[in-house]
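Source file query.csv; content: CSV, C-alpha atoms.
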```csv
chain,number,residue,atom,x,y,z
R,1,MET,CA,88.6,59.9,-77.4
R,2,GLU,CA,90.4,60.0,-74.0
R,3,GLU,CA,92.9,62.9,-73.7
R,4,LYS,CA,96.5,61.8,-73.3
R,5,ALA,CA,99.2,63.2,-71.1
R,6,PRO,CA,101.4,65.7,-73.1
R,7,ARG,CA,104.4,63.3,-73.4
R,8,ASN,CA,102.2,60.2,-74.2
R,9,ARG,CA,102.9,59.5,-77.9
R,10,THR,CA,100.9,56.2,-78.0
R,11,LEU,CA,99.2,56.1,-81.4
R,12,THR,CA,95.5,56.9,-81.7
R,13,VAL,CA,93.2,56.8,-84.7
R,14,SER,CA,90.2,59.0,-85.0
R,15,GLU,CA,86.9,57.6,-86.4
R,16,GLU,CA,87.4,59.9,-89.5
R,17,GLU,CA,90.9,58.4,-90.0
R,18,ALA,CA,89.6,54.9,-89.4
R,19,GLU,CA,87.0,55.3,-92.1
R,20,SER,CA,89.7,56.3,-94.6
R,21,PHE,CA,92.1,53.6,-93.5
R,22,ARG,CA,89.4,50.9,-93.8
R,23,GLU,CA,89.0,51.7,-97.5
R,24,ARG,CA,92.7,50.8,-98.0
R,25,LEU,CA,92.4,47.3,-96.5
R,26,VAL,CA,92.2,44.2,-98.7
R,27,THR,CA,89.4,41.8,-97.8
R,28,ILE,CA,88.8,38.1,-98.8
R,29,GLU,CA,86.3,39.4,-101.4
R,30,ASP,CA,89.0,41.6,-102.9
R,31,LEU,CA,91.5,38.7,-103.0
R,32,ALA,CA,88.9,36.5,-104.8
R,33,LYS,CA,88.8,39.3,-107.5
R,34,GLY,CA,92.6,39.2,-107.8
R,35,VAL,CA,93.4,42.5,-106.1
R,36,SER,CA,97.1,43.0,-105.6
R,37,ILE,CA,98.6,42.2,-102.2
R,38,ILE,CA,101.9,44.1,-102.7
R,39,ASP,CA,102.4,46.7,-100.0
R,40,LYS,CA,98.9,45.9,-98.6
R,41,THR,CA,97.3,45.1,-95.3
R,42,LEU,CA,94.9,42.1,-95.6
R,43,ASN,CA,92.0,42.3,-93.1
R,44,ALA,CA,91.1,38.7,-92.9
R,45,ASP,CA,91.6,35.4,-91.1
R,46,CYS,CA,95.1,34.0,-91.7
R,47,ILE,CA,94.1,30.4,-92.6
R,48,GLU,CA,91.3,31.6,-94.9
R,49,THR,CA,93.6,34.1,-96.6
R,50,LEU,CA,96.6,31.8,-97.4
R,51,GLN,CA,94.8,30.1,-100.3
R,52,PHE,CA,94.8,33.4,-102.2
R,53,ILE,CA,98.5,34.2,-101.7
R,54,PRO,CA,100.9,32.8,-104.3
R,55,ASN,CA,103.4,30.1,-103.2
R,56,GLU,CA,107.0,31.2,-103.1
R,57,PHE,CA,106.3,34.9,-103.3
R,58,ALA,CA,108.1,36.0,-100.1
R,59,ASP,CA,111.8,36.5,-99.6
R,60,LEU,CA,111.4,36.8,-95.8
R,61,ILE,CA,108.5,35.7,-93.5
R,62,ILE,CA,108.3,37.0,-89.9
R,63,ILE,CA,105.7,35.3,-87.7
R,64,ASP,CA,104.5,36.5,-84.3
R,65,PRO,CA,101.6,34.1,-83.6
R,66,PRO,CA,99.5,33.9,-80.5
R,67,TYR,CA,101.6,32.3,-77.8
R,68,ASN,CA,100.1,29.5,-75.7
R,69,LEU,CA,98.6,32.0,-73.3
R,70,THR,CA,95.1,33.2,-72.6
R,71,LYS,CA,95.2,36.7,-74.1
R,72,ASN,CA,92.6,39.2,-75.2
R,73,PHE,CA,93.3,40.7,-78.6
R,74,ASN,CA,90.8,43.6,-78.7
R,75,GLY,CA,87.8,41.4,-77.9
R,76,SER,CA,89.0,38.2,-79.5
R,77,VAL,CA,90.4,35.9,-76.8
R,78,PHE,CA,93.0,33.3,-77.6
R,79,THR,CA,92.8,30.6,-74.9
R,80,ALA,CA,95.7,28.7,-73.5
R,81,ARG,CA,95.6,24.9,-74.2
R,82,SER,CA,97.6,21.8,-73.7
R,83,GLU,CA,100.9,21.5,-75.6
R,84,ALA,CA,99.5,18.8,-77.8
R,85,GLU,CA,96.5,21.1,-78.7
R,86,TYR,CA,98.8,24.0,-79.3
R,87,THR,CA,101.0,21.9,-81.6
R,88,GLU,CA,97.9,20.9,-83.6
R,89,TYR,CA,97.0,24.6,-83.8
R,90,LEU,CA,100.4,25.4,-85.3
R,91,LYS,CA,100.1,22.5,-87.8
R,92,GLN,CA,96.8,24.1,-89.1
R,93,TRP,CA,98.7,27.0,-90.7
R,94,LEU,CA,102.5,26.9,-90.4
R,95,PRO,CA,103.0,24.4,-93.3
R,96,GLU,CA,100.8,26.6,-95.5
R,97,VAL,CA,102.8,29.7,-94.6
R,98,VAL,CA,106.0,27.9,-95.4
R,99,LYS,CA,104.7,27.3,-98.9
R,100,LYS,CA,104.7,31.1,-99.4
R,101,LEU,CA,108.5,31.3,-98.9
R,102,LYS,CA,110.9,31.4,-101.8
R,103,PRO,CA,113.3,28.5,-102.2
R,104,ASN,CA,116.2,30.7,-100.9
R,105,GLY,CA,114.1,32.6,-98.4
R,106,SER,CA,114.3,32.8,-94.6
R,107,LEU,CA,111.6,32.6,-91.9
R,108,TYR,CA,111.6,33.8,-88.3
R,109,LEU,CA,109.1,32.5,-85.8
R,110,CYS,CA,108.5,34.2,-82.4
R,111,GLY,CA,107.6,32.5,-79.1
R,112,ASP,CA,108.2,32.3,-75.4
R,113,TRP,CA,109.4,29.6,-73.0
R,114,LYS,CA,106.0,28.0,-72.7
R,115,CYS,CA,105.4,27.4,-76.5
R,116,THR,CA,109.0,27.3,-77.8
R,117,SER,CA,109.3,23.5,-77.8
R,118,ALA,CA,106.1,23.2,-79.9
R,119,LEU,CA,107.4,25.9,-82.3
R,120,GLN,CA,110.7,24.1,-82.7
R,121,SER,CA,108.9,20.7,-83.3
R,122,VAL,CA,106.5,21.9,-85.9
R,123,LEU,CA,109.0,24.3,-87.6
R,124,SER,CA,111.7,21.5,-87.9
R,125,GLU,CA,109.1,19.4,-89.8
R,126,ASN,CA,108.9,22.1,-92.5
R,127,LEU,CA,112.2,23.9,-92.6
R,128,HIS,CA,115.9,23.7,-91.6
R,129,ILE,CA,116.4,25.5,-88.3
R,130,LEU,CA,119.6,27.4,-88.2
R,131,ASN,CA,119.5,29.1,-84.8
R,132,ARG,CA,117.4,30.3,-81.9
R,133,ILE,CA,117.6,34.0,-81.0
R,134,THR,CA,116.8,34.9,-77.4
R,135,TRP,CA,116.0,38.5,-76.6
R,136,GLN,CA,115.6,40.2,-73.3
R,137,ARG,CA,112.1,41.4,-72.8
R,138,GLU,CA,112.3,44.1,-70.1
R,139,LYS,CA,108.6,44.5,-69.4
R,140,GLY,CA,106.5,42.0,-67.4
R,141,ARG,CA,105.2,41.5,-64.0
R,142,GLY,CA,107.2,39.9,-61.2
R,143,ALA,CA,106.2,36.5,-59.9
R,144,MET,CA,106.0,35.5,-56.2
R,145,HIS,CA,106.5,31.8,-56.7
R,146,ASN,CA,108.5,31.6,-59.9
R,147,TRP,CA,111.2,33.4,-61.9
R,148,LYS,CA,110.0,36.5,-63.7
R,149,ASN,CA,109.8,35.8,-67.5
R,150,GLY,CA,112.2,38.3,-69.1
R,151,MET,CA,113.0,36.5,-72.3
R,152,GLU,CA,111.5,35.5,-75.6
R,153,ASP,CA,112.7,33.4,-78.5
R,154,ILE,CA,112.9,33.8,-82.3
R,155,TRP,CA,113.5,30.6,-84.3
R,156,PHE,CA,115.5,31.2,-87.5
R,157,ALA,CA,114.9,28.7,-90.4
R,158,VAL,CA,115.4,28.4,-94.1
R,159,LYS,CA,114.3,26.1,-96.9
R,160,ASN,CA,117.8,25.5,-98.2
R,161,PRO,CA,120.7,25.6,-95.7
R,162,ASN,CA,123.1,26.0,-98.6
R,163,ASP,CA,121.3,28.8,-100.3
R,164,TYR,CA,119.9,31.7,-98.3
R,165,TYR,CA,120.7,35.4,-97.9
R,166,PHE,CA,122.3,36.7,-94.7
R,167,ASN,CA,124.0,40.1,-94.5
R,168,VAL,CA,125.9,40.1,-91.2
R,169,ASP,CA,127.5,43.5,-91.9
R,170,ALA,CA,124.0,45.1,-91.9
R,171,VAL,CA,123.4,44.0,-88.3
R,172,LYS,CA,126.8,44.5,-86.7
R,173,ILE,CA,126.7,46.4,-83.4
R,174,ARG,CA,128.7,49.6,-82.9
R,175,ARG,CA,130.1,49.1,-79.4
R,176,GLN,CA,132.0,51.5,-77.2
R,177,VAL,CA,135.7,50.6,-76.6
R,178,ILE,CA,136.5,51.2,-72.9
R,179,ALA,CA,140.1,50.1,-72.9
R,180,PRO,CA,141.4,50.7,-76.5
R,181,TYR,CA,144.4,48.6,-77.7
R,182,ARG,CA,146.8,50.3,-80.1
R,183,GLU,CA,149.4,48.8,-82.4
R,184,SER,CA,152.3,51.1,-83.5
R,185,GLY,CA,150.3,54.0,-82.0
R,186,LYS,CA,147.2,53.3,-84.2
R,187,PRO,CA,143.8,51.8,-83.2
R,188,LYS,CA,143.7,48.0,-83.6
R,189,ASP,CA,140.2,46.8,-84.7
R,190,TRP,CA,138.5,49.9,-83.5
R,191,GLU,CA,138.1,53.6,-84.6
R,192,GLU,CA,138.4,57.0,-83.0
R,193,THR,CA,135.6,59.3,-83.7
R,194,SER,CA,134.3,62.6,-82.4
R,195,GLU,CA,131.6,60.6,-80.6
R,196,GLY,CA,134.0,58.3,-78.9
R,197,ASN,CA,136.0,55.1,-79.5
R,198,PHE,CA,134.0,52.3,-81.2
R,199,ARG,CA,134.3,48.8,-82.6
R,200,MET,CA,131.9,47.1,-85.0
R,201,THR,CA,131.1,43.7,-83.5
R,202,TYR,CA,129.4,40.6,-84.8
R,203,PRO,CA,125.8,40.0,-83.4
R,204,SER,CA,125.2,37.0,-81.3
R,205,ASN,CA,121.9,35.1,-80.8
R,206,PHE,CA,121.4,36.8,-77.5
R,207,TRP,CA,120.0,40.3,-77.7
R,208,ASP,CA,120.0,42.5,-74.6
R,209,ASP,CA,119.6,45.9,-76.4
R,210,ILE,CA,115.9,45.9,-77.1
R,211,SER,CA,113.3,48.2,-75.5
R,212,ILE,CA,109.7,47.2,-75.5
R,213,PRO,CA,107.6,50.1,-76.9
R,214,PHE,CA,106.2,52.3,-74.2
R,215,TRP,CA,104.0,55.4,-74.0
R,216,SER,CA,106.6,58.1,-74.8
R,217,MET,CA,107.7,56.3,-78.1
R,218,PRO,CA,105.9,57.2,-81.3
R,219,GLU,CA,105.8,53.5,-82.4
R,220,ASN,CA,103.8,52.6,-79.3
R,221,THR,CA,100.2,51.3,-79.7
R,222,ASP,CA,97.8,49.6,-77.3
R,223,HIS,CA,98.4,46.2,-78.9
R,224,PRO,CA,99.1,43.8,-76.0
R,225,THR,CA,102.0,41.9,-77.6
R,226,GLN,CA,103.6,44.6,-79.9
R,227,LYS,CA,107.1,43.8,-81.0
R,228,PRO,CA,109.7,46.6,-81.1
R,229,GLU,CA,110.7,48.1,-84.5
R,230,LYS,CA,114.3,47.6,-83.6
R,231,LEU,CA,113.8,43.9,-83.1
R,232,ILE,CA,112.1,43.5,-86.5
R,233,ALA,CA,114.7,45.8,-88.2
R,234,LYS,CA,117.5,43.4,-87.3
R,235,LEU,CA,115.6,40.4,-88.9
R,236,ILE,CA,114.8,42.4,-92.0
R,237,LEU,CA,118.2,43.8,-92.5
R,238,ALA,CA,120.0,40.5,-92.0
R,239,SER,CA,117.7,38.4,-94.2
R,240,SER,CA,116.4,40.5,-97.0
R,241,LYS,CA,117.6,43.1,-99.6
R,242,GLU,CA,116.0,46.4,-100.6
R,243,GLY,CA,113.1,45.6,-102.9
R,244,ASP,CA,112.5,42.2,-101.4
R,245,MET,CA,109.1,41.0,-100.2
R,246,VAL,CA,108.5,40.7,-96.4
R,247,PHE,CA,105.4,38.8,-95.3
R,248,ASP,CA,103.8,38.7,-91.9
R,249,PRO,CA,100.7,36.4,-91.5
R,250,PHE,CA,99.9,37.8,-88.0
R,251,LEU,CA,100.5,41.5,-88.5
R,252,GLY,CA,99.0,42.9,-85.3
R,253,SER,CA,99.5,46.7,-85.2
R,254,GLY,CA,101.7,46.6,-88.3
R,255,THR,CA,105.3,46.6,-87.0
R,256,THR,CA,106.7,44.2,-89.7
R,257,SER,CA,105.1,46.1,-92.6
R,258,VAL,CA,106.1,49.5,-91.1
R,259,VAL,CA,109.8,48.5,-90.7
R,260,ALA,CA,109.9,46.9,-94.1
R,261,LYS,CA,108.6,50.1,-95.6
R,262,LYS,CA,111.1,52.2,-93.7
R,263,LEU,CA,113.9,49.9,-94.9
R,264,LYS,CA,112.8,50.1,-98.6
R,265,ARG,CA,111.3,46.6,-98.8
R,266,HIS,CA,107.9,45.5,-100.1
R,267,TYR,CA,105.5,44.1,-97.5
R,268,CYS,CA,102.3,42.2,-97.1
R,269,GLY,CA,100.6,41.5,-93.8
R,270,ILE,CA,97.4,39.6,-92.6
R,271,GLU,CA,95.5,40.8,-89.6
R,272,ILE,CA,91.9,39.7,-88.7
R,273,ASN,CA,91.2,42.6,-86.3
R,274,THR,CA,90.0,45.7,-88.3
R,275,GLU,CA,91.1,48.2,-85.6
R,276,TYR,CA,94.6,46.8,-85.5
R,277,CYS,CA,94.7,47.1,-89.3
R,278,CYS,CA,93.8,50.8,-89.0
R,279,TRP,CA,96.6,51.3,-86.6
R,280,ALA,CA,98.9,49.6,-89.1
R,281,GLU,CA,97.7,51.8,-91.9
R,282,LYS,CA,98.3,55.0,-89.8
R,283,ARG,CA,101.8,53.8,-88.9
R,284,LEU,CA,102.5,53.1,-92.6
R,285,GLU,CA,101.3,56.6,-93.5
R,286,MET,CA,103.5,58.1,-90.8
R,287,ALA,CA,106.4,56.2,-92.3
R,288,ASN,CA,106.1,58.3,-95.5
R,289,THR,CA,107.8,61.2,-93.6
R,290,ASP,CA,109.4,59.5,-90.6
R,291,THR,CA,111.7,56.6,-91.3
R,292,GLU,CA,113.5,56.7,-87.9
R,293,ILE,CA,113.9,53.4,-86.1
R,294,GLN,CA,114.7,53.7,-82.4
R,295,GLY,CA,118.3,52.4,-81.8
R,296,TYR,CA,119.2,52.3,-85.5
R,297,THR,CA,120.9,55.6,-86.6
R,298,ASN,CA,122.8,56.4,-89.8
R,299,GLY,CA,122.7,52.7,-90.9
R,300,VAL,CA,124.2,51.5,-87.6
R,301,PHE,CA,122.9,49.6,-84.6
R,302,TRP,CA,124.5,51.5,-81.7
R,303,GLU,CA,125.2,50.0,-78.3
R,304,ARG,CA,122.8,51.5,-75.8
R,305,ASN,CA,123.6,55.0,-74.5
R,306,THR,CA,126.8,55.4,-76.6
R,307,LEU,CA,125.7,57.8,-79.3
R,308,ASN,CA,126.0,61.3,-77.8
R,309,LYS,CA,122.9,62.8,-79.4
R,310,GLN,CA,120.9,59.9,-78.1
R,311,LYS,CA,122.4,59.6,-74.6
R,312,ASN,CA,119.2,60.7,-73.0
R,313,THR,CA,117.1,58.2,-75.0
R,314,ALA,CA,116.7,54.5,-74.1
R,315,LEU,CA,117.7,52.5,-77.2
```
Would you write the structure of this file as structure tokens?
Amino acid sequence: MEEKAPRNRTLTVSEEEAESFRERLVTIEDLAKGVSIIDKTLNADCIETLQFIPNEFADLIIIDPPYNLTKNFNGSVFTARSEAEYTEYLKQWLPEVVKKLKPNGSLYLCGDWKCTSALQSVLSENLHILNRITWQREKGRGAMHNWKNGMEDIWFAVKNPNDYYFNVDAVKIRRQVIAPYRESGKPKDWEETSEGNFRMTYPSNFWDDISIPFWSMPENTDHPTQKPEKLIAKLILASSKEGDMVFDPFLGSGTTSVVAKKLKRHYCGIEINTEYCCWAEKRLEMANTDTEIQGYTNGVFWERNTLNKQKNTAL
């Protein structure tokens, strides 16, 4: 194993650990025998696995599928294709995933500018789309002959637009008040604290407070498209309750399951790559003793660089 720099906290798994973690994984053969999928990592192909998962078992589904880009996922290459071909790819599995959602459940589907129209098209055939979240993705290379891509989308959809759970209070943002307004000498719509003057504000569908995991963060792995824990935490807190089931059919290095566990939800994730599954299992084990989520402190999403004890940490 290559030696890391002292401040590099990127997750690593030894062969001894991997051997232990592989024993925890659920395979297709296990599923055929009726092994429980609650709080488990399913090491299998998504499409093959869905037949073994009960319909309407998930309160919340978060999907981060391969985008329409050529990308190497630890030796398995997903190849970019025409929009029509990518649309057909989505139709192979998305309707089956939707069947796993409870009648009052919610689903979030991630994508980028290149595949987002296909995502919207196929998703709208299966669910009611309520919104599109756009979040600022700070990493990425510059482009000489085009605008640098610094954004990604998350489509928010439900089965029943008149019956779904959404807890806006859980995802309000605590913002610093620069020019506080008082009424009769008392703060109006804000509060004075020892850490400064703050106001709880409603979240919009544009998020510019997300940091992509990097080498000095304990959540970081070598997965090429890892989503930040803070990003997933917002989705889970808004659209599920403690004890609910959160399902991710493209688990990757485990972020959805890890955040669900940290936030006291049940989880189930499918991932075809065994090494990624081992990374997920190690992160889940770490979550037994470390429930911290970067940027989410004491049950509050703080505006960047406004919490004194975190002022030297990028949120």
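In this model, the gap between atom CA of R:Gly150 and atom CA of R:Cys115 comes to 14.8 Å.
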Residue contacts of R:Leu237 (8 Å, only C-alpha atoms) excluding same-chain residues fewer than 5 positions away, as a PyMOL selection string: chain R and resi 167+170-171+263
With C-alpha atoms retained, export the selected residues as a compact mmCIF listing (two decimals), keeping the file's coordinate frame.
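The resulting file, out_5.txt, is shown below:
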```
# COMPACT_ATOMS: atom_id res chain seq x y z
CA ASN R 167 124.00 40.10 -94.50
CA ALA R 170 124.00 45.10 -91.90
CA VAL R 171 123.40 44.00 -88.30
CA LEU R 263 113.90 49.90 -94.90
```
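Comparing R:Ala280, R:Ile61, R:Ala287, R:Val300 by their smallest distance to R:Asn43, the closest is R:Ala280 (using all atoms listed in the file).
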Using all atoms listed in the file, pick whichever of R:Ile53, R:Val246, R:Cys278, R:Met217 has the shortest atom-to-atom distance to R:Ile293.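 Ranking R:Ile53, R:Val246, R:Cys278, R:Met217 by distance to R:Ile293, first place goes to R:Met217.
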What does the distance from atom CA of R:Pro66 to atom CA of R:Phe250 come to in Å, to one decimal? 8.5 Å
Using Å and a single decimal, report how far atom CA of R:Leu42 sits from atom CA of R:Leu251.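 Atom-to-atom, atom CA of R:Leu251 to atom CA of R:Leu42, that is 9.1 Å.
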Nearest residue to R:Tyr165 from the set R:Asn104, R:Asn74, R:Asn126, R:Thr116 (distances using all atoms listed in the file): R:Asn104
Min atom-atom distance to R:Glu275 from the set R:Ser76, R:Ser121, R:Thr49, R:Ser106, counting all atoms listed in the file, belongs to R:Ser76
Which of these, R:Arg283, R:Lys100, R:Lys91, R:Arg137, has the shortest distance to R:Ala118 once you count only C-alpha atoms?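 Among the listed residues, R:Lys91 lies closest to R:Ala118.
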Nearest to R:Glu19 by atom-to-atom distance, counting only C-alpha atoms, from R:Trp302, R:Trp279, R:Phe78, R:Phe166: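 Looking at the shortest contact to R:Glu19, the residue is R:Trp279.
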Within 7 Å of R:Pro249 using all atoms listed in the file, minus same-chain residues under 4 positions, as number ranges by chain: R: 46, 63, 269-270
Export of stretch 24-40 of chain R: N, CA and C atoms, as a tab-separated table (two decimals), in the first residue's frame:
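What landed in result03.tsv:
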```tsv
chain	number	residue	atom	x	y	z
R	24	ARG	N	-19.30	-9.49	4.76
R	24	ARG	CA	-20.54	-8.79	5.15
R	24	ARG	C	-21.44	-8.50	3.95
R	25	LEU	N	-20.90	-8.58	2.76
R	25	LEU	CA	-21.65	-8.20	1.57
R	25	LEU	C	-22.71	-9.23	1.22
R	26	VAL	N	-23.81	-8.74	0.66
R	26	VAL	CA	-24.90	-9.61	0.23
R	26	VAL	C	-24.80	-9.81	-1.28
R	27	THR	N	-24.81	-11.06	-1.72
R	27	THR	CA	-24.69	-11.39	-3.14
R	27	THR	C	-26.05	-11.81	-3.71
R	28	ILE	N	-26.08	-11.98	-5.03
R	28	ILE	CA	-27.30	-12.47	-5.68
R	28	ILE	C	-27.71	-13.82	-5.08
R	29	GLU	N	-26.73	-14.68	-4.84
R	29	GLU	CA	-27.02	-15.99	-4.26
R	29	GLU	C	-27.66	-15.85	-2.88
R	30	ASP	N	-27.17	-14.89	-2.09
R	30	ASP	CA	-27.76	-14.64	-0.77
R	30	ASP	C	-29.20	-14.16	-0.91
R	31	LEU	N	-29.42	-13.27	-1.86
R	31	LEU	CA	-30.77	-12.73	-2.06
R	31	LEU	C	-31.74	-13.83	-2.46
R	32	ALA	N	-31.28	-14.76	-3.30
R	32	ALA	CA	-32.14	-15.86	-3.73
R	32	ALA	C	-32.55	-16.74	-2.55
R	33	LYS	N	-31.72	-16.72	-1.49
R	33	LYS	CA	-32.02	-17.51	-0.28
R	33	LYS	C	-32.87	-16.72	0.71
R	34	GLY	N	-33.17	-15.46	0.40
R	34	GLY	CA	-34.01	-14.66	1.27
R	34	GLY	C	-33.28	-13.91	2.36
R	35	VAL	N	-31.96	-13.71	2.20
R	35	VAL	CA	-31.19	-12.96	3.19
R	35	VAL	C	-31.71	-11.52	3.29
R	36	SER	N	-31.72	-10.97	4.49
R	36	SER	CA	-32.23	-9.62	4.71
R	36	SER	C	-31.39	-8.58	3.97
R	37	ILE	N	-32.06	-7.54	3.48
R	37	ILE	CA	-31.35	-6.45	2.81
R	37	ILE	C	-31.33	-5.18	3.67
R	38	ILE	N	-31.89	-5.24	4.85
R	38	ILE	CA	-31.94	-4.07	5.73
R	38	ILE	C	-30.55	-3.77	6.27
R	39	ASP	N	-30.11	-2.53	6.07
R	39	ASP	CA	-28.79	-2.08	6.52
R	39	ASP	C	-27.67	-2.93	5.92
R	40	LYS	N	-27.79	-3.21	4.63
R	40	LYS	CA	-26.83	-4.06	3.94
R	40	LYS	C	-26.31	-3.40	2.67
```
